[in-house]
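Below is the file structure_35.txt, which contains compact mmCIF, N, CA and C atoms.
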```txt
# COMPACT_ATOMS: atom_id res chain seq x y z
N MET A 157 0.82 -1.19 0.00
CA MET A 157 0.00 0.00 0.00
C MET A 157 0.87 1.26 0.00
N PHE A 158 1.57 1.53 1.10
CA PHE A 158 2.50 2.66 1.15
C PHE A 158 3.92 2.12 1.08
N LYS A 159 4.76 2.78 0.29
CA LYS A 159 6.14 2.34 0.13
C LYS A 159 7.12 3.22 0.87
N THR A 160 6.81 4.53 0.96
CA THR A 160 7.70 5.47 1.63
C THR A 160 6.86 6.38 2.51
N ILE A 161 7.12 6.33 3.81
CA ILE A 161 6.37 7.11 4.79
C ILE A 161 7.30 8.13 5.43
N VAL A 162 6.85 9.37 5.46
CA VAL A 162 7.58 10.46 6.12
C VAL A 162 6.76 10.87 7.33
N VAL A 163 7.40 10.95 8.48
CA VAL A 163 6.72 11.40 9.69
C VAL A 163 7.46 12.60 10.26
N GLY A 164 6.69 13.59 10.69
CA GLY A 164 7.27 14.79 11.28
C GLY A 164 7.25 14.68 12.79
N ALA A 165 8.33 15.16 13.41
CA ALA A 165 8.41 15.06 14.87
C ALA A 165 9.16 16.25 15.45
N ASP A 166 8.69 16.67 16.61
CA ASP A 166 9.46 17.58 17.44
C ASP A 166 9.66 16.84 18.76
N ASP A 167 9.94 17.55 19.83
CA ASP A 167 10.20 16.85 21.09
C ASP A 167 8.96 16.74 21.97
N SER A 168 7.77 16.86 21.39
CA SER A 168 6.53 16.79 22.17
C SER A 168 6.03 15.34 22.28
N PRO A 169 5.26 15.07 23.34
CA PRO A 169 4.66 13.73 23.46
C PRO A 169 3.72 13.41 22.30
N THR A 170 3.02 14.41 21.77
CA THR A 170 2.11 14.15 20.65
C THR A 170 2.88 13.73 19.40
N ALA A 171 4.05 14.32 19.19
CA ALA A 171 4.87 13.93 18.04
C ALA A 171 5.35 12.49 18.21
N ALA A 172 5.67 12.10 19.43
CA ALA A 172 6.09 10.72 19.67
C ALA A 172 4.96 9.75 19.32
N GLN A 173 3.71 10.16 19.58
CA GLN A 173 2.57 9.32 19.21
C GLN A 173 2.46 9.20 17.69
N ALA A 174 2.69 10.29 16.99
CA ALA A 174 2.64 10.26 15.52
C ALA A 174 3.75 9.36 14.98
N VAL A 175 4.93 9.43 15.56
CA VAL A 175 6.03 8.57 15.14
C VAL A 175 5.67 7.11 15.39
N GLY A 176 5.05 6.83 16.53
CA GLY A 176 4.61 5.46 16.83
C GLY A 176 3.63 4.94 15.79
N ALA A 177 2.68 5.78 15.39
CA ALA A 177 1.70 5.38 14.37
C ALA A 177 2.40 5.15 13.03
N ALA A 178 3.35 6.01 12.68
CA ALA A 178 4.08 5.84 11.43
C ALA A 178 4.91 4.56 11.45
N MET A 179 5.49 4.24 12.61
CA MET A 179 6.27 3.01 12.73
C MET A 179 5.38 1.79 12.49
N GLU A 180 4.20 1.80 13.10
CA GLU A 180 3.28 0.67 12.92
C GLU A 180 2.88 0.51 11.45
N LEU A 181 2.58 1.64 10.81
CA LEU A 181 2.23 1.59 9.39
C LEU A 181 3.39 1.07 8.55
N ALA A 182 4.58 1.56 8.84
CA ALA A 182 5.76 1.13 8.07
C ALA A 182 5.99 -0.37 8.23
N LYS A 183 5.82 -0.88 9.44
CA LYS A 183 5.98 -2.32 9.66
C LYS A 183 4.91 -3.11 8.92
N THR A 184 3.67 -2.65 9.01
CA THR A 184 2.55 -3.34 8.36
C THR A 184 2.70 -3.36 6.84
N CYS A 185 3.13 -2.23 6.28
CA CYS A 185 3.22 -2.10 4.82
C CYS A 185 4.58 -2.51 4.26
N GLY A 186 5.56 -2.73 5.14
CA GLY A 186 6.91 -2.99 4.66
C GLY A 186 7.51 -1.74 4.01
N ALA A 187 7.11 -0.59 4.51
CA ALA A 187 7.52 0.69 3.91
C ALA A 187 8.82 1.21 4.52
N GLU A 188 9.48 2.05 3.75
CA GLU A 188 10.66 2.78 4.22
C GLU A 188 10.15 3.93 5.09
N LEU A 189 10.78 4.14 6.25
CA LEU A 189 10.35 5.17 7.19
C LEU A 189 11.38 6.29 7.25
N HIS A 190 10.91 7.51 7.02
CA HIS A 190 11.75 8.71 7.13
C HIS A 190 11.22 9.55 8.28
N ILE A 191 12.09 9.86 9.23
CA ILE A 191 11.70 10.70 10.36
C ILE A 191 12.33 12.07 10.14
N VAL A 192 11.48 13.10 10.18
CA VAL A 192 11.93 14.47 9.89
C VAL A 192 11.68 15.36 11.09
N THR A 193 12.66 16.15 11.45
CA THR A 193 12.43 17.23 12.40
C THR A 193 12.96 18.51 11.78
N ALA A 194 12.17 19.55 11.92
CA ALA A 194 12.55 20.85 11.37
C ALA A 194 13.18 21.69 12.47
N TYR A 195 14.09 22.55 12.08
CA TYR A 195 14.72 23.44 13.04
C TYR A 195 14.99 24.78 12.37
N LYS A 196 15.10 25.79 13.21
CA LYS A 196 15.44 27.11 12.70
C LYS A 196 16.94 27.27 12.84
N PRO A 197 17.61 27.60 11.74
CA PRO A 197 19.07 27.77 11.81
C PRO A 197 19.44 28.85 12.83
N GLU A 198 20.43 28.53 13.63
CA GLU A 198 20.88 29.47 14.66
C GLU A 198 22.10 30.22 14.17
N ARG A 199 22.14 31.47 14.52
CA ARG A 199 23.29 32.28 14.14
C ARG A 199 24.26 32.44 15.30
N ALA A 200 23.87 31.95 16.45
CA ALA A 200 24.72 32.10 17.62
C ALA A 200 25.98 31.26 17.49
N ARG A 201 27.04 31.73 18.11
CA ARG A 201 28.30 31.00 18.11
C ARG A 201 28.19 29.80 19.05
N PRO A 202 28.75 28.67 18.69
CA PRO A 202 28.70 27.51 19.58
C PRO A 202 29.44 27.81 20.88
N PRO A 203 29.05 27.16 21.98
CA PRO A 203 29.71 27.41 23.26
C PRO A 203 31.20 27.03 23.19
N SER A 204 32.00 27.73 23.96
CA SER A 204 33.43 27.46 24.00
C SER A 204 33.68 26.07 24.57
N GLN A 205 34.60 25.36 23.95
CA GLN A 205 34.94 24.02 24.41
C GLN A 205 36.29 24.00 25.13
N GLU A 206 36.85 25.15 25.29
CA GLU A 206 38.17 25.24 25.91
C GLU A 206 38.13 24.70 27.33
N GLY A 207 39.05 23.81 27.62
CA GLY A 207 39.18 23.25 28.96
C GLY A 207 38.20 22.13 29.29
N LEU A 208 37.36 21.74 28.35
CA LEU A 208 36.41 20.67 28.61
C LEU A 208 37.02 19.31 28.29
N PRO A 209 36.66 18.28 29.07
CA PRO A 209 37.12 16.93 28.73
C PRO A 209 36.57 16.51 27.37
N GLU A 210 37.30 15.68 26.66
CA GLU A 210 36.93 15.24 25.32
C GLU A 210 35.52 14.68 25.24
N GLU A 211 35.10 13.88 26.25
CA GLU A 211 33.78 13.25 26.20
C GLU A 211 32.65 14.25 26.29
N LEU A 212 32.89 15.44 26.81
CA LEU A 212 31.85 16.47 26.88
C LEU A 212 31.80 17.33 25.62
N ARG A 213 32.86 17.38 24.88
CA ARG A 213 32.89 18.22 23.68
C ARG A 213 31.86 17.77 22.66
N TYR A 214 31.70 16.48 22.49
CA TYR A 214 30.72 15.96 21.54
C TYR A 214 29.31 16.38 21.93
N SER A 215 28.99 16.28 23.22
CA SER A 215 27.62 16.60 23.64
C SER A 215 27.29 18.07 23.45
N LEU A 216 28.29 18.94 23.44
CA LEU A 216 28.03 20.35 23.23
C LEU A 216 27.90 20.71 21.75
N THR A 217 28.47 19.90 20.89
CA THR A 217 28.44 20.23 19.46
C THR A 217 27.28 19.55 18.73
N LEU A 218 26.62 18.59 19.34
CA LEU A 218 25.51 17.91 18.70
C LEU A 218 24.28 18.80 18.73
N HIS A 219 23.71 19.07 17.59
CA HIS A 219 22.53 19.94 17.48
C HIS A 219 21.34 19.25 18.14
N PRO A 220 20.46 20.00 18.81
CA PRO A 220 19.27 19.39 19.44
C PRO A 220 18.41 18.59 18.46
N ALA A 221 18.34 19.01 17.20
CA ALA A 221 17.57 18.25 16.21
C ALA A 221 18.19 16.88 16.01
N ASP A 222 19.51 16.81 15.99
CA ASP A 222 20.19 15.52 15.82
C ASP A 222 19.98 14.63 17.04
N ARG A 223 19.99 15.22 18.23
CA ARG A 223 19.74 14.44 19.45
C ARG A 223 18.35 13.82 19.39
N LEU A 224 17.37 14.63 19.01
CA LEU A 224 15.99 14.14 18.91
C LEU A 224 15.89 13.02 17.89
N LEU A 225 16.50 13.21 16.73
CA LEU A 225 16.45 12.19 15.69
C LEU A 225 17.13 10.89 16.12
N GLU A 226 18.21 10.99 16.86
CA GLU A 226 18.88 9.78 17.38
C GLU A 226 17.94 9.02 18.30
N GLN A 227 17.23 9.75 19.15
CA GLN A 227 16.28 9.13 20.09
C GLN A 227 15.13 8.44 19.34
N LEU A 228 14.54 9.14 18.39
CA LEU A 228 13.42 8.58 17.64
C LEU A 228 13.86 7.42 16.75
N ALA A 229 15.03 7.52 16.15
CA ALA A 229 15.56 6.42 15.34
C ALA A 229 15.80 5.19 16.21
N GLY A 230 16.24 5.40 17.44
CA GLY A 230 16.43 4.29 18.38
C GLY A 230 15.12 3.57 18.66
N MET A 231 14.04 4.34 18.82
CA MET A 231 12.71 3.73 19.02
C MET A 231 12.34 2.87 17.81
N ALA A 232 12.58 3.41 16.62
CA ALA A 232 12.23 2.67 15.40
C ALA A 232 13.08 1.42 15.26
N ARG A 233 14.37 1.53 15.55
CA ARG A 233 15.25 0.36 15.44
C ARG A 233 14.84 -0.72 16.44
N ALA A 234 14.36 -0.31 17.61
CA ALA A 234 13.89 -1.26 18.62
C ALA A 234 12.66 -2.02 18.11
N SER A 235 11.97 -1.44 17.13
CA SER A 235 10.80 -2.09 16.52
C SER A 235 11.16 -2.78 15.20
N SER A 236 12.43 -3.06 15.01
CA SER A 236 12.93 -3.76 13.83
C SER A 236 12.81 -2.96 12.53
N LEU A 237 12.82 -1.64 12.63
CA LEU A 237 12.82 -0.78 11.45
C LEU A 237 14.20 -0.14 11.28
N GLN A 238 14.51 0.24 10.08
CA GLN A 238 15.77 0.95 9.79
C GLN A 238 15.41 2.33 9.25
N PRO A 239 15.11 3.28 10.13
CA PRO A 239 14.65 4.58 9.68
C PRO A 239 15.76 5.42 9.04
N ILE A 240 15.34 6.34 8.21
CA ILE A 240 16.23 7.33 7.64
C ILE A 240 15.82 8.65 8.28
N VAL A 241 16.77 9.38 8.82
CA VAL A 241 16.44 10.61 9.55
C VAL A 241 16.88 11.84 8.77
N HIS A 242 16.12 12.91 8.96
CA HIS A 242 16.39 14.17 8.27
C HIS A 242 16.22 15.31 9.26
N ALA A 243 17.26 16.08 9.48
CA ALA A 243 17.15 17.35 10.19
C ALA A 243 17.05 18.41 9.10
N ALA A 244 15.90 19.05 9.01
CA ALA A 244 15.63 19.96 7.90
C ALA A 244 15.46 21.39 8.40
N ALA A 245 16.25 22.30 7.86
CA ALA A 245 16.14 23.70 8.23
C ALA A 245 14.86 24.29 7.66
N GLY A 246 14.19 25.10 8.44
CA GLY A 246 12.99 25.79 7.96
C GLY A 246 11.79 25.54 8.83
N GLU A 247 10.66 26.05 8.37
CA GLU A 247 9.39 25.84 9.07
C GLU A 247 8.95 24.39 8.91
N ALA A 248 8.26 23.87 9.90
CA ALA A 248 7.94 22.44 9.94
C ALA A 248 7.15 21.95 8.72
N ALA A 249 6.07 22.61 8.37
CA ALA A 249 5.25 22.13 7.26
C ALA A 249 6.02 22.15 5.95
N GLU A 250 6.77 23.20 5.72
CA GLU A 250 7.56 23.31 4.50
C GLU A 250 8.63 22.24 4.46
N ALA A 251 9.29 22.01 5.59
CA ALA A 251 10.35 21.01 5.66
C ALA A 251 9.79 19.61 5.40
N LEU A 252 8.67 19.29 6.01
CA LEU A 252 8.06 17.97 5.82
C LEU A 252 7.67 17.73 4.37
N THR A 253 7.01 18.70 3.77
CA THR A 253 6.57 18.51 2.39
C THR A 253 7.76 18.48 1.43
N ARG A 254 8.81 19.23 1.74
CA ARG A 254 10.01 19.23 0.89
C ARG A 254 10.69 17.86 0.95
N ILE A 255 10.86 17.31 2.15
CA ILE A 255 11.51 15.99 2.30
C ILE A 255 10.62 14.91 1.67
N ALA A 256 9.32 15.01 1.85
CA ALA A 256 8.41 14.02 1.26
C ALA A 256 8.53 14.02 -0.27
N LEU A 257 8.61 15.19 -0.85
CA LEU A 257 8.76 15.29 -2.30
C LEU A 257 10.12 14.75 -2.74
N GLN A 258 11.17 15.11 -2.01
CA GLN A 258 12.53 14.66 -2.30
C GLN A 258 12.64 13.14 -2.24
N GLU A 259 11.95 12.52 -1.30
CA GLU A 259 12.05 11.07 -1.10
C GLU A 259 10.95 10.30 -1.83
N ASN A 260 10.14 10.98 -2.62
CA ASN A 260 9.04 10.34 -3.34
C ASN A 260 8.07 9.63 -2.39
N ALA A 261 7.78 10.25 -1.27
CA ALA A 261 6.90 9.65 -0.27
C ALA A 261 5.48 9.55 -0.80
N ASP A 262 4.78 8.51 -0.37
CA ASP A 262 3.37 8.41 -0.71
C ASP A 262 2.48 8.64 0.51
N LEU A 263 3.10 8.93 1.68
CA LEU A 263 2.34 9.26 2.88
C LEU A 263 3.18 10.12 3.81
N ILE A 264 2.54 11.17 4.34
CA ILE A 264 3.13 11.98 5.41
C ILE A 264 2.27 11.78 6.64
N VAL A 265 2.89 11.51 7.78
CA VAL A 265 2.17 11.32 9.04
C VAL A 265 2.55 12.46 9.98
N VAL A 266 1.52 13.10 10.55
CA VAL A 266 1.73 14.16 11.54
C VAL A 266 0.71 13.98 12.66
N GLY A 267 1.02 14.52 13.82
CA GLY A 267 0.07 14.54 14.92
C GLY A 267 -0.88 15.71 14.75
N ASN A 268 -1.97 15.73 15.51
CA ASN A 268 -2.96 16.80 15.36
C ASN A 268 -2.72 17.97 16.29
N LYS A 269 -1.52 18.10 16.81
CA LYS A 269 -1.18 19.22 17.70
C LYS A 269 -1.45 20.55 16.98
N GLY A 270 -2.12 21.45 17.68
CA GLY A 270 -2.38 22.78 17.13
C GLY A 270 -3.62 22.87 16.28
N MET A 271 -4.41 21.81 16.24
CA MET A 271 -5.60 21.85 15.38
C MET A 271 -6.86 22.23 16.15
N LYS A 272 -6.70 22.66 17.40
CA LYS A 272 -7.85 23.09 18.20
C LYS A 272 -7.57 24.48 18.76
N GLY A 273 -8.62 25.17 19.13
CA GLY A 273 -8.46 26.49 19.72
C GLY A 273 -7.99 27.53 18.71
N ALA A 274 -7.27 28.52 19.20
CA ALA A 274 -6.82 29.64 18.35
C ALA A 274 -5.90 29.18 17.22
N ARG A 275 -5.07 28.20 17.48
CA ARG A 275 -4.15 27.71 16.44
C ARG A 275 -4.91 27.16 15.24
N ARG A 276 -6.11 26.61 15.50
CA ARG A 276 -6.91 26.07 14.39
C ARG A 276 -7.27 27.17 13.40
N VAL A 277 -7.58 28.33 13.93
CA VAL A 277 -7.94 29.47 13.09
C VAL A 277 -6.70 30.07 12.44
N LEU A 278 -5.62 30.17 13.22
CA LEU A 278 -4.41 30.82 12.74
C LEU A 278 -3.55 29.91 11.87
N GLY A 279 -3.81 28.64 11.92
CA GLY A 279 -3.01 27.70 11.13
C GLY A 279 -2.21 26.79 12.02
N SER A 280 -1.95 25.60 11.55
CA SER A 280 -1.19 24.62 12.31
C SER A 280 -0.35 23.82 11.33
N VAL A 281 0.64 23.14 11.85
CA VAL A 281 1.50 22.32 10.99
C VAL A 281 0.67 21.26 10.26
N PRO A 282 -0.19 20.50 10.95
CA PRO A 282 -0.97 19.48 10.22
C PRO A 282 -1.83 20.09 9.11
N ASN A 283 -2.45 21.21 9.40
CA ASN A 283 -3.29 21.88 8.40
C ASN A 283 -2.44 22.33 7.21
N ASP A 284 -1.30 22.95 7.48
CA ASP A 284 -0.43 23.41 6.41
C ASP A 284 0.10 22.24 5.58
N VAL A 285 0.47 21.15 6.24
CA VAL A 285 0.97 19.97 5.52
C VAL A 285 -0.13 19.42 4.61
N ALA A 286 -1.35 19.33 5.15
CA ALA A 286 -2.46 18.80 4.36
C ALA A 286 -2.70 19.62 3.10
N HIS A 287 -2.48 20.92 3.18
CA HIS A 287 -2.71 21.79 2.02
C HIS A 287 -1.52 21.82 1.06
N GLN A 288 -0.31 21.55 1.55
CA GLN A 288 0.88 21.66 0.72
C GLN A 288 1.36 20.33 0.14
N ALA A 289 0.96 19.22 0.73
CA ALA A 289 1.52 17.92 0.36
C ALA A 289 1.10 17.47 -1.03
N SER A 290 2.00 16.77 -1.68
CA SER A 290 1.71 16.19 -2.99
C SER A 290 1.45 14.69 -2.87
N CYS A 291 1.15 14.24 -1.64
CA CYS A 291 0.85 12.83 -1.39
C CYS A 291 -0.22 12.76 -0.31
N SER A 292 -0.59 11.56 0.09
CA SER A 292 -1.57 11.38 1.15
C SER A 292 -1.00 11.87 2.48
N VAL A 293 -1.89 12.32 3.35
CA VAL A 293 -1.51 12.81 4.68
C VAL A 293 -2.38 12.13 5.72
N LEU A 294 -1.74 11.59 6.74
CA LEU A 294 -2.46 11.00 7.87
C LEU A 294 -2.24 11.90 9.07
N ILE A 295 -3.33 12.42 9.62
CA ILE A 295 -3.25 13.25 10.83
C ILE A 295 -3.70 12.38 11.98
N VAL A 296 -2.75 12.03 12.85
CA VAL A 296 -2.99 11.12 13.96
C VAL A 296 -3.63 11.87 15.13
N ASP A 297 -4.69 11.32 15.67
CA ASP A 297 -5.33 11.91 16.86
C ASP A 297 -4.45 11.62 18.06
N THR A 298 -3.84 12.66 18.60
CA THR A 298 -2.89 12.49 19.71
C THR A 298 -3.47 13.07 21.01
N THR A 299 -4.79 13.24 21.07
CA THR A 299 -5.39 13.84 22.25
C THR A 299 -5.68 12.81 23.34
N SER A 300 -5.58 11.54 23.02
CA SER A 300 -5.89 10.53 24.04
C SER A 300 -4.66 9.98 24.68
```

What is this structure when it is put down as structure tokens?
Amino acid sequence: MFKTIVVGADDSPTAAQAVGAAMELAKTCGAELHIVTAYKPERARPPSQEGLPEELRYSLTLHPADRLLEQLAGMARASSLQPIVHAAAGEAAEALTRIALQENADLIVVGNKGMKGARRVLGSVPNDVAHQASCSVLIVDTTS
């Protein structure tokens, strides 16, 4: 059914639920799983590493997006999947749809975070993805 699934994630519990749903779908369909997190490029200088032990230098240079992707990829590997991870600069909806197009995805999975209250009127990542995507979109109910 689906051959390539892209799932968007940030560090929220709702995103973890969306990743879990995407993992189940990927296992069921035998699909390739791509986990994407978007980040805003920082212009700040990295913290000084002078005088730090070698083992701490790595932890200071690893971008938070990469840390998150390592964690989510570990969850997928524990479920017998071999995910491909993408740290994508830019706004979340644009990054997800760009990676989905680049990878020829036939499904994008997102959580429904931001689809209620004021954000529903002002726009949300799931809403924007649904309008921008060139493939099917699954919006996972993460309110339970």

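Nearest-residue note for Ile295 in chain A: choosing from A:Ser168, A:Gln173, A:Thr184, A:Gln227, the minimum distance belongs to A:Gln173, counting only C-alpha atoms.
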
Original post:
Near Glu259 in chain A, counting only C-alpha atoms, which residues have an atom at most 9 Å away, once you skip same-chain residues fewer than 3 positions from it, shown as a ChimeraX atom specification?
Top reply: /A:160,162,190,254-256

**OP:** For Met157 in chain A, please output as a VMD selection string all residues within 10 Å (counting only C-alpha atoms; exclusion window: fewer than 5 positions along the same chain).
**Re:** chain A and resid 181 to 182 184 to 187 262 to 263

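As for atom C of Ala245 in chain A and atom C of Thr299 in chain A, they are spaced 28.3 Å apart.
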
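As for CA of Thr253 in chain A and CA of Ser236 in chain A, they are spaced 25.8 Å apart.
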
Subject >> Contact residues around Ser292 in chain A with only C-alpha atoms at 10 Å, ignoring same-chain residues under 4 positions, as number ranges by chain >> reply: A: 158, 161, 261-265, 285-286

Original post:
With all atoms listed in the file as the basis for distance, which of A:Gln238, A:Asp284, A:Ala249, A:Thr193 is at the shortest distance from Asp167 in chain A?
Top reply: A:Thr193

Original post:
What separation in Å, quoted to one decimal, exists between atom C of Pro197 in chain A and CA of Ala165 in chain A?
Top reply: 17.8 Å

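Within 7 Å of the file-frame point (10.6, -0.3, 15.7), and using only N, CA and C atoms, the polymer residues found are Met179, Gly230, Met231, Ala232, Arg233, Ala234, Ser235, Ser236, Leu237 and Gln238 of chain A.
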
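With all atoms listed in the file as the atoms that count, the residue of A:Lys196, A:Gly246, A:Leu257, A:Ile191 with the shortest distance to Leu225 in chain A is A:Ile191.
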